[in-house]
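Engineer: So that you have it, the file is model-v6.txt, and it contains compact mmCIF, C-alpha atoms:
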# COMPACT_ATOMS: atom_id res chain seq x y z
CA MET X 29 37.13 83.36 133.93
CA THR X 30 36.86 86.00 136.62
CA ILE X 31 35.21 89.22 135.42
CA MET X 32 34.81 92.18 137.76
CA LYS X 33 31.18 93.28 137.53
CA ASP X 34 30.96 95.17 140.80
CA ALA X 35 30.79 98.89 139.98
CA GLN X 36 32.41 99.59 143.35
CA ARG X 37 35.58 97.71 142.48
CA PRO X 38 38.45 100.18 142.04
CA ASN X 39 39.85 101.32 138.71
CA GLN X 40 43.58 101.02 139.23
CA ALA X 41 45.82 102.88 136.80
CA PHE X 42 49.55 103.00 136.11
CA VAL X 43 50.29 106.70 135.67
CA LEU X 44 53.22 108.54 134.09
CA HIS X 45 53.98 111.97 135.55
CA PRO X 46 55.82 114.84 133.84
CA GLY X 47 59.52 114.33 134.44
CA GLY X 48 59.37 110.56 133.95
CA THR X 49 58.15 109.14 137.28
CA PHE X 50 55.43 106.52 137.65
CA SER X 51 52.76 105.86 140.27
CA PHE X 52 49.83 103.52 140.84
CA GLU X 53 46.61 105.45 141.37
CA GLU X 54 42.94 104.76 141.87
CA ARG X 55 40.91 106.55 139.22
CA SER X 56 37.18 106.91 138.61
CA LYS X 57 35.74 103.98 136.72
CA PRO X 58 34.78 104.99 133.16
CA THR X 59 31.07 105.16 132.39
CA LEU X 60 29.08 104.79 129.17
CA GLN X 61 29.05 108.14 127.34
CA SER X 62 26.75 107.02 124.53
CA SER X 63 24.43 104.13 123.75
CA ARG X 64 27.13 102.71 121.42
CA ASP X 65 29.79 102.52 124.12
CA VAL X 66 31.09 99.49 125.96
CA ILE X 67 33.20 99.16 129.10
CA VAL X 68 36.04 96.66 128.87
CA GLN X 69 37.97 95.10 131.72
CA VAL X 70 41.55 95.30 130.47
CA MET X 71 43.24 91.90 130.63
CA ALA X 72 46.59 92.49 128.92
CA THR X 73 48.51 95.37 127.34
CA GLY X 74 51.56 95.18 125.11
CA LEU X 75 54.20 97.88 125.49
CA CYS X 76 55.05 99.98 122.44
CA GLY X 77 58.14 102.04 121.71
CA SER X 78 55.99 105.17 121.91
CA ASP X 79 55.09 104.37 125.53
CA VAL X 80 58.78 104.16 126.41
CA HIS X 81 59.53 107.34 124.44
CA TYR X 82 56.94 109.34 126.41
CA TRP X 83 58.51 108.01 129.62
CA GLN X 84 62.09 108.78 128.67
CA HIS X 85 61.65 111.98 126.66
CA GLY X 86 58.28 113.39 127.71
CA ARG X 87 57.08 114.06 124.20
CA ILE X 88 56.71 112.77 120.67
CA GLY X 89 56.59 115.64 118.21
CA ARG X 90 53.78 118.01 119.17
CA TYR X 91 52.40 115.64 121.82
CA VAL X 92 53.85 116.58 125.21
CA VAL X 93 53.33 115.00 128.64
CA GLU X 94 52.25 118.10 130.55
CA ASP X 95 49.92 116.36 133.02
CA PRO X 96 49.78 112.85 134.55
CA ILE X 97 48.75 110.33 131.91
CA THR X 98 47.99 106.62 131.75
CA LEU X 99 50.02 104.96 129.00
CA GLY X 100 49.28 101.81 126.99
CA HIS X 101 47.27 101.23 123.80
CA GLU X 102 47.89 97.63 122.66
CA SER X 103 45.21 95.92 124.73
CA THR X 104 42.73 93.10 125.00
CA GLY X 105 39.94 92.67 127.49
CA ILE X 106 36.51 91.38 128.40
CA VAL X 107 33.34 93.38 127.71
CA ILE X 108 31.64 93.92 131.08
CA GLU X 109 29.05 96.56 130.20
CA SER X 110 27.33 97.47 126.95
CA GLY X 111 25.19 100.36 125.73
CA SER X 112 21.74 99.73 124.29
CA ASP X 113 22.87 100.40 120.71
CA ALA X 114 26.25 98.68 120.88
CA GLN X 115 26.45 96.20 118.02
CA GLY X 116 28.79 93.34 117.21
CA VAL X 117 29.90 92.54 120.75
CA LYS X 118 28.19 91.56 123.99
CA VAL X 119 29.03 91.27 127.65
CA GLY X 120 31.54 88.45 128.16
CA ASP X 121 33.19 88.72 124.73
CA ARG X 122 36.99 88.63 124.52
CA VAL X 123 38.07 91.59 122.40
CA ALA X 124 41.05 93.47 121.03
CA LEU X 125 40.75 97.23 121.30
CA GLU X 126 41.28 99.74 118.53
CA PRO X 127 42.46 102.55 120.79
CA GLY X 128 41.54 105.65 118.78
CA ILE X 129 38.19 107.43 118.67
CA ALA X 130 37.72 109.70 115.64
CA CYS X 131 35.12 112.45 115.28
CA ASN X 132 33.42 110.68 112.32
CA THR X 133 32.28 114.00 110.86
CA CYS X 134 35.37 115.75 109.44
CA THR X 135 36.48 115.56 105.81
CA HIS X 136 39.13 112.93 106.58
CA CYS X 137 36.72 110.71 108.50
CA ARG X 138 34.00 110.96 105.85
CA SER X 139 36.49 110.18 103.07
CA GLY X 140 37.55 106.96 104.79
CA ARG X 141 40.83 108.16 106.31
CA TYR X 142 39.81 108.52 109.93
CA ASN X 143 43.38 107.87 111.09
CA LEU X 144 44.12 111.42 109.88
CA CYS X 145 41.30 112.98 111.93
CA GLN X 146 42.69 116.03 113.72
CA ALA X 147 40.21 115.50 116.55
CA MET X 148 41.35 111.90 117.12
CA ARG X 149 41.36 110.85 120.77
CA PHE X 150 44.08 108.23 120.75
CA ALA X 151 44.91 106.25 123.87
CA ALA X 152 48.18 107.22 125.57
CA THR X 153 48.67 110.24 123.32
CA PRO X 154 48.59 113.39 125.46
CA PRO X 155 46.22 114.51 126.80
CA TYR X 156 44.24 111.25 126.46
CA ASP X 157 44.69 108.40 128.93
CA GLY X 158 45.62 104.93 127.74
CA THR X 159 44.72 101.39 128.70
CA LEU X 160 47.09 100.51 131.55
CA ALA X 161 44.19 100.47 133.98
CA SER X 162 41.46 98.14 135.18
CA TYR X 163 38.82 99.45 132.76
CA TYR X 164 38.59 101.29 129.47
CA ARG X 165 35.67 102.76 127.53
CA VAL X 166 35.39 102.61 123.73
CA PRO X 167 32.63 102.59 121.13
CA ALA X 168 31.57 99.07 120.21
CA GLU X 169 32.94 99.50 116.69
CA CYS X 170 36.42 99.75 118.25
CA CYS X 171 36.13 96.23 119.69
CA PHE X 172 37.14 93.19 117.63
CA LYS X 173 36.35 89.70 118.89
CA LEU X 174 39.41 87.51 119.26
CA PRO X 175 39.61 84.30 117.21
CA PRO X 176 39.03 81.34 119.56
CA HIS X 177 42.64 80.11 119.27
CA ILE X 178 44.16 83.50 120.14
CA SER X 179 44.81 84.16 123.83
CA LEU X 180 44.16 87.49 125.50
CA ARG X 181 47.94 87.82 125.87
CA ASP X 182 48.72 87.23 122.19
CA GLY X 183 45.72 89.32 121.17
CA THR X 184 47.62 92.41 122.31
CA LEU X 185 49.59 91.99 119.07
CA ILE X 186 46.51 92.72 116.94
CA GLU X 187 47.12 96.47 117.29
CA PRO X 188 50.71 96.34 115.91
CA LEU X 189 49.54 93.73 113.38
CA SER X 190 47.03 96.32 112.15
CA VAL X 191 49.90 98.80 111.75
CA ALA X 192 51.65 96.20 109.58
CA VAL X 193 48.48 95.56 107.58
CA HIS X 194 48.00 99.29 106.96
CA SER X 195 51.57 99.83 105.77
CA CYS X 196 51.51 96.77 103.51
CA ARG X 197 48.21 97.89 101.98
CA LEU X 198 49.73 101.30 101.31
CA ALA X 199 52.54 99.57 99.41
CA GLY X 200 50.02 98.21 96.91
CA ASN X 201 49.86 94.82 95.24
CA MET X 202 52.45 92.50 96.79
CA GLN X 203 51.59 89.38 94.81
CA GLU X 204 54.86 87.86 93.52
CA LYS X 205 56.73 91.04 94.48
CA SER X 206 60.04 91.44 96.31
CA VAL X 207 59.81 93.28 99.62
CA VAL X 208 62.61 94.53 101.87
CA ILE X 209 61.67 95.26 105.49
CA PHE X 210 63.98 97.22 107.76
CA GLY X 211 63.74 96.42 111.46
CA ALA X 212 63.03 93.03 113.00
CA GLY X 213 61.24 94.30 116.09
CA PRO X 214 57.54 93.50 116.64
CA VAL X 215 56.19 95.72 113.83
CA GLY X 216 58.92 94.72 111.39
CA LEU X 217 58.36 91.02 112.05
CA LEU X 218 54.62 91.46 111.59
CA CYS X 219 55.27 93.32 108.34
CA CYS X 220 57.22 90.26 107.19
CA ALA X 221 54.30 88.01 108.08
CA VAL X 222 51.73 90.23 106.36
CA ALA X 223 53.85 90.66 103.23
CA ARG X 224 54.06 86.89 102.85
CA ALA X 225 50.34 86.53 103.52
CA PHE X 226 49.74 89.13 100.81
CA GLY X 227 51.65 86.99 98.31
CA ALA X 228 55.16 88.47 98.28
CA SER X 229 57.59 86.00 96.71
CA THR X 230 60.67 87.43 98.42
CA VAL X 231 60.74 89.05 101.84
CA VAL X 232 64.10 90.31 103.09
CA ALA X 233 64.35 91.22 106.79
CA VAL X 234 67.11 93.69 107.66
CA ASP X 235 68.47 94.45 111.13
CA VAL X 236 71.73 94.89 113.01
CA VAL X 237 70.95 92.20 115.62
CA PRO X 238 71.56 88.60 114.48
CA ALA X 239 69.09 87.14 117.04
CA ARG X 240 66.27 89.29 115.64
CA LEU X 241 67.08 88.16 112.12
CA SER X 242 66.82 84.55 113.26
CA SER X 243 63.32 85.32 114.52
CA ALA X 244 62.38 86.92 111.19
CA VAL X 245 62.67 83.59 109.39
CA LYS X 246 59.92 82.22 111.65
CA TYR X 247 57.55 85.02 110.64
CA GLY X 248 57.76 85.00 106.87
CA ALA X 249 61.19 86.30 105.87
CA THR X 250 62.69 84.35 102.98
CA HIS X 251 66.06 86.09 103.37
CA THR X 252 67.84 88.14 106.04
CA TYR X 253 70.56 90.75 105.91
CA GLN X 254 72.61 92.19 108.75
CA MET X 255 73.30 95.90 108.18
CA SER X 256 76.93 96.92 108.37
CA SER X 257 78.63 100.26 108.95
CA GLU X 258 79.24 100.61 105.22
CA ALA X 259 77.64 103.39 103.19
CA ALA X 260 73.96 103.05 102.27
CA ASP X 261 74.61 102.25 98.61
CA LYS X 262 77.12 99.52 99.54
CA ASN X 263 74.69 97.98 102.04
CA ALA X 264 71.99 98.07 99.37
CA GLU X 265 74.28 96.37 96.85
CA ASP X 266 75.23 93.62 99.32
CA LEU X 267 71.61 93.17 100.44
CA LEU X 268 70.35 92.74 96.88
CA THR X 269 73.14 90.31 96.03
CA ALA X 270 72.41 88.20 99.12
CA ALA X 271 68.72 88.02 98.23
CA GLY X 272 69.24 87.45 94.51
CA LEU X 273 67.57 90.73 93.59
CA GLN X 274 70.10 92.17 91.18
CA SER X 275 67.46 94.35 89.50
CA GLY X 276 66.36 95.84 92.81
CA ALA X 277 63.42 95.32 95.16
CA ASP X 278 59.85 96.24 94.25
CA ILE X 279 58.90 97.49 97.72
CA ALA X 280 60.72 98.66 100.84
CA LEU X 281 59.17 99.23 104.27
CA ASP X 282 61.11 100.86 107.08
CA ALA X 283 60.01 100.06 110.62
CA THR X 284 63.06 101.68 112.27
CA GLY X 285 63.02 105.39 111.48
CA ALA X 286 66.82 105.24 111.27
CA GLU X 287 68.44 107.31 108.52
CA PRO X 288 70.85 104.57 107.32
CA CYS X 289 67.88 102.24 106.83
CA LEU X 290 65.85 104.77 104.86
CA ASN X 291 68.80 105.53 102.62
CA CYS X 292 69.64 101.87 102.10
CA GLY X 293 66.02 101.10 101.27
CA ILE X 294 65.83 103.83 98.63
CA PHE X 295 69.08 102.65 97.04
CA ALA X 296 67.78 99.06 97.07
CA LEU X 297 64.56 99.83 95.20
CA THR X 298 64.12 99.12 91.52
CA GLN X 299 62.89 101.79 89.11
CA GLY X 300 59.33 102.76 89.95
CA GLY X 301 59.55 101.02 93.33
CA THR X 302 57.54 101.95 96.41
CA PHE X 303 58.91 102.99 99.79
CA VAL X 304 56.67 103.06 102.87
CA GLN X 305 57.84 104.75 106.07
CA VAL X 306 56.35 102.86 109.02
CA GLY X 307 58.57 103.64 112.02
CA LEU X 308 59.42 107.04 113.44
CA GLY X 309 62.84 108.26 114.53
CA ASN X 310 64.54 111.57 113.95
CA PRO X 311 61.85 113.72 112.27
CA ASN X 312 64.40 115.50 110.05
CA LEU X 313 66.50 113.16 107.99
CA SER X 314 68.82 113.47 105.01
CA LEU X 315 67.55 111.39 102.07
CA PRO X 316 69.02 110.53 98.62
CA VAL X 317 66.53 112.66 96.69
CA GLY X 318 68.47 112.06 93.49
CA GLN X 319 67.70 108.34 93.76
CA ILE X 320 64.03 109.05 94.46
CA CYS X 321 63.76 111.22 91.36
CA ASP X 322 65.94 109.11 89.04
CA LYS X 323 63.94 105.98 89.85
CA GLU X 324 60.62 107.82 90.16
CA VAL X 325 60.19 106.15 93.55
CA VAL X 326 56.81 106.42 95.26
CA PHE X 327 57.48 107.48 98.88
CA LYS X 328 54.59 107.09 101.32
CA GLY X 329 54.13 107.82 105.00
CA SER X 330 52.11 105.36 107.08
CA PHE X 331 50.16 106.50 110.14
CA ARG X 332 48.62 103.91 112.46
CA TYR X 333 45.70 102.17 110.71
CA GLY X 334 42.45 102.96 108.97
CA PRO X 335 39.13 101.42 107.92
CA GLY X 336 39.27 97.65 107.59
CA ASP X 337 42.80 97.20 108.92
CA PHE X 338 41.83 95.69 112.29
CA GLU X 339 39.22 93.51 110.62
CA LEU X 340 41.77 92.24 108.09
CA ALA X 341 44.33 91.65 110.86
CA VAL X 342 41.83 89.49 112.74
CA GLY X 343 40.99 87.68 109.50
CA LEU X 344 44.64 86.83 108.92
CA LEU X 345 44.74 85.28 112.39
CA GLU X 346 41.46 83.41 111.93
CA SER X 347 42.72 81.86 108.70
CA ARG X 348 46.10 81.21 110.36
CA ARG X 349 47.89 82.92 107.47
CA VAL X 350 49.64 84.92 110.20
CA ARG X 351 50.76 83.32 113.45
CA LEU X 352 51.74 85.11 116.64
CA ASP X 353 53.37 82.23 118.51
CA GLY X 354 56.54 83.28 120.29
CA LEU X 355 56.31 87.04 119.69
CA VAL X 356 55.42 87.73 123.32
CA THR X 357 58.65 86.95 125.14
CA HIS X 358 58.16 88.72 128.50
CA GLU X 359 55.11 88.96 130.78
CA PHE X 360 54.64 91.14 133.85
CA PRO X 361 51.90 91.43 136.50
CA PHE X 362 50.39 94.88 136.86
CA GLY X 363 52.41 95.61 139.99
CA GLU X 364 55.65 95.20 138.01
CA ALA X 365 54.69 97.57 135.19
CA GLU X 366 57.75 99.77 135.69
CA GLN X 367 60.01 96.73 135.32
CA ALA X 368 58.28 96.07 132.00
CA PHE X 369 59.13 99.58 130.79
CA ASN X 370 62.77 99.06 131.76
CA ASN X 371 62.75 95.73 129.94
CA VAL X 372 61.55 97.35 126.71
CA ALA X 373 64.01 100.24 127.08
CA ARG X 374 66.83 97.69 127.22
CA ARG X 375 65.42 96.00 124.08
CA VAL X 376 65.20 92.66 125.81
CA GLY X 377 63.22 90.07 123.85
CA ILE X 378 60.58 90.93 121.25
CA LYS X 379 57.32 91.97 122.94
CA SER X 380 56.60 92.64 126.61
CA VAL X 381 53.05 92.40 127.99
CA ILE X 382 51.62 93.77 131.24
CA TYR X 383 48.56 92.03 132.67
CA GLY X 384 45.67 94.11 133.99
CA PRO X 385 45.11 94.64 137.72
CA GLY X 386 44.09 91.39 139.41
CA VAL X 387 44.16 89.41 136.16
CA ASP X 388 44.76 85.68 136.39
CA GLU X 389 47.74 85.14 134.10
CA GLU X 390 46.72 81.57 133.31
CA VAL X 391 43.36 82.85 132.08
CA ALA X 392 45.04 85.52 129.95
CA ASN X 393 47.39 82.95 128.44
CA ALA X 394 44.64 80.50 127.52
CA ALA X 395 42.71 80.42 124.26
CA SER X 396 38.96 79.91 124.41
CA VAL X 397 39.17 76.58 122.58
Before anything else, please render the file you have as structure tokens.

Structural biologist:
Amino acid sequence: MTIMKDAQRPNQAFVLHPGGTFSFEERSKPTLQSSRDVIVQVMATGLCGSDVHYWQHGRIGRYVVEDPITLGHESTGIVIESGSDAQGVKVGDRVALEPGIACNTCTHCRSGRYNLCQAMRFAATPPYDGTLASYYRVPAECCFKLPPHISLRDGTLIEPLSVAVHSCRLAGNMQEKSVVIFGAGPVGLLCCAVARAFGASTVVAVDVVPARLSSAVKYGATHTYQMSSEAADKNAEDLLTAAGLQSGADIALDATGAEPCLNCGIFALTQGGTFVQVGLGNPNLSLPVGQICDKEVVFKGSFRYGPGDFELAVGLLESRRVRLDGLVTHEFPFGEAEQAFNNVARRVGIKSVIYGPGVDEEVANAASV
């Protein structure tokens, strides 16, 4: 495996400019800022819907692209430099990156909910640069060693897998429960896989694209349902009938952010059921509040991931209770990063990955065993 150790080697970055144009630029190589830091040579980065949204719309909520920014946050790499107090990883380790650095001192951090830290420096969230570059700096505790059978390419899915883990944990005990998951994109499919790994007896994947529903069966869905243009309550009725859940589903997770899916999910829940909002769409939606109150539904928001989620995600891969085979459908060299963004915007395939500058794709595709 070729690892760039020469400090004079350039740090190439793929940069988004305000207005939606891209450029390749040479940036300063990151340096250790504390004795706990490590420098990682980025080997592969998966593209997320948020990356495409910043490109096409220039903002997500209060986060606005006002200056040039490097996108990307679903990355793996090789540790090439380590601080004196960095623990758990060493130079040469293959790692997945948790791309957010919290303050560790605020009330949220100290109560174990660091994902809610208002001082969070999250990769590719303005004004903080992301990982589509040669190198990236993080604290050692944000590095998670890849299981030997997981390639650097497939390891890019550990970040969205952690999102799925977090949302499923928020839903509570899934053992022998029925779970409906809206959206059969990468996060939705991983939610299916995690729900089954957590013991769900019935997992219903819902989407409008038949090909995506076919994929869902490979990743843990016991049933699938193709949404129609009917009203939410009619879709819910048909969904429950198709899955044999006449009394309603125990849990619903929405990975789409689409209003029809939220409404359908609430109608599909049984009394006392739990709804977890995973995906983001229109921030102001119309919901069937009457259903929420009549059923005493528990409605939860899910934001990224928190303590233990990355570790549990890696554990699910190590035990092979979750498999990632086939989720990465498109791969691009660094020089074709813009083509990768266009590919995701057109919703081609499941997951697109961009290799780091100068990365040998065969190396990135290979497991270490």

Engineer: So how far away is atom CA of X:Gly248 from atom CA of X:Ala260, in Å?

Structural biologist: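 That distance, rounded to one decimal, is 24.7 Å.
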
Engineer: Give me, as a ChimeraX atom specification, all polymer residues having an atom no more than 7 Å from X:Gly334, counting all atoms listed in the file and skipping those fewer than 2 positions away in the same chain.

Structural biologist: /X:141-143,194,336-337

Engineer: Considering all atoms listed in the file, state which residue in the set X:Ala225, X:Leu185, X:Met202, X:Cys134 is at the smallest distance from X:Val381.

Structural biologist: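 The closest residue to X:Val381 is X:Leu185.
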
Engineer: (69.1, 105.2, 106.0) in this file's frame - what residues fall within 12 Å of it? Use all atoms listed in the file and give the answer as a PyMOL selection string.

Structural biologist: chain X and resi 210-211+234-235+255-264+280-296+305+309-310+313-316

Engineer: Which of these, X:Ser206, X:Thr135, X:Ser229, X:Thr104, has the shortest distance to X:Glu187 once you count only C-alpha atoms?

Structural biologist: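 Checking each candidate against X:Glu187, we get X:Thr104 as the closest.
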
Engineer: Just to confirm, what's the straight-line distance from atom CA of X:Cys76 to atom CA of X:Val193 in Å (one decimal)?

Structural biologist: 16.8 Å

Engineer: Of the candidates X:Val166, X:Gln146, X:Arg90, X:Val119, which one gets nearest to X:Asp65 if we count all atoms listed in the file?

Structural biologist: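 Checking each candidate against X:Asp65, we get X:Val166 as the closest.
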
Engineer: Can you tell me, as a PyMOL selection string, which residues sit within 9 Å of (41.0, 102.4, 124.2) in the file's frame, using all atoms listed in the file?

Structural biologist: chain X and resi 68+100-103+125-129+150-152+157-159+164-167+170

Engineer: For a quick check of understanding, using all atoms listed in the file, which of X:Gln40, X:Thr250, X:Ser190, X:Gln69 has the smallest distance to X:Phe52?

Structural biologist: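 The answer is X:Gln40, which sits nearest to X:Phe52.
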
Engineer: Provide the atom CA of X:Asp121 to atom CA of X:Gly183 distance in Å, to one decimal place.

Structural biologist: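 About the pair atom CA of X:Asp121 and atom CA of X:Gly183: they are 13.0 Å apart.
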
Engineer: Using all atoms listed in the file, which of X:Leu344, X:Ile106, X:Ala394, X:Val80 sits nearest X:Ser162?

Structural biologist: X:Ile106
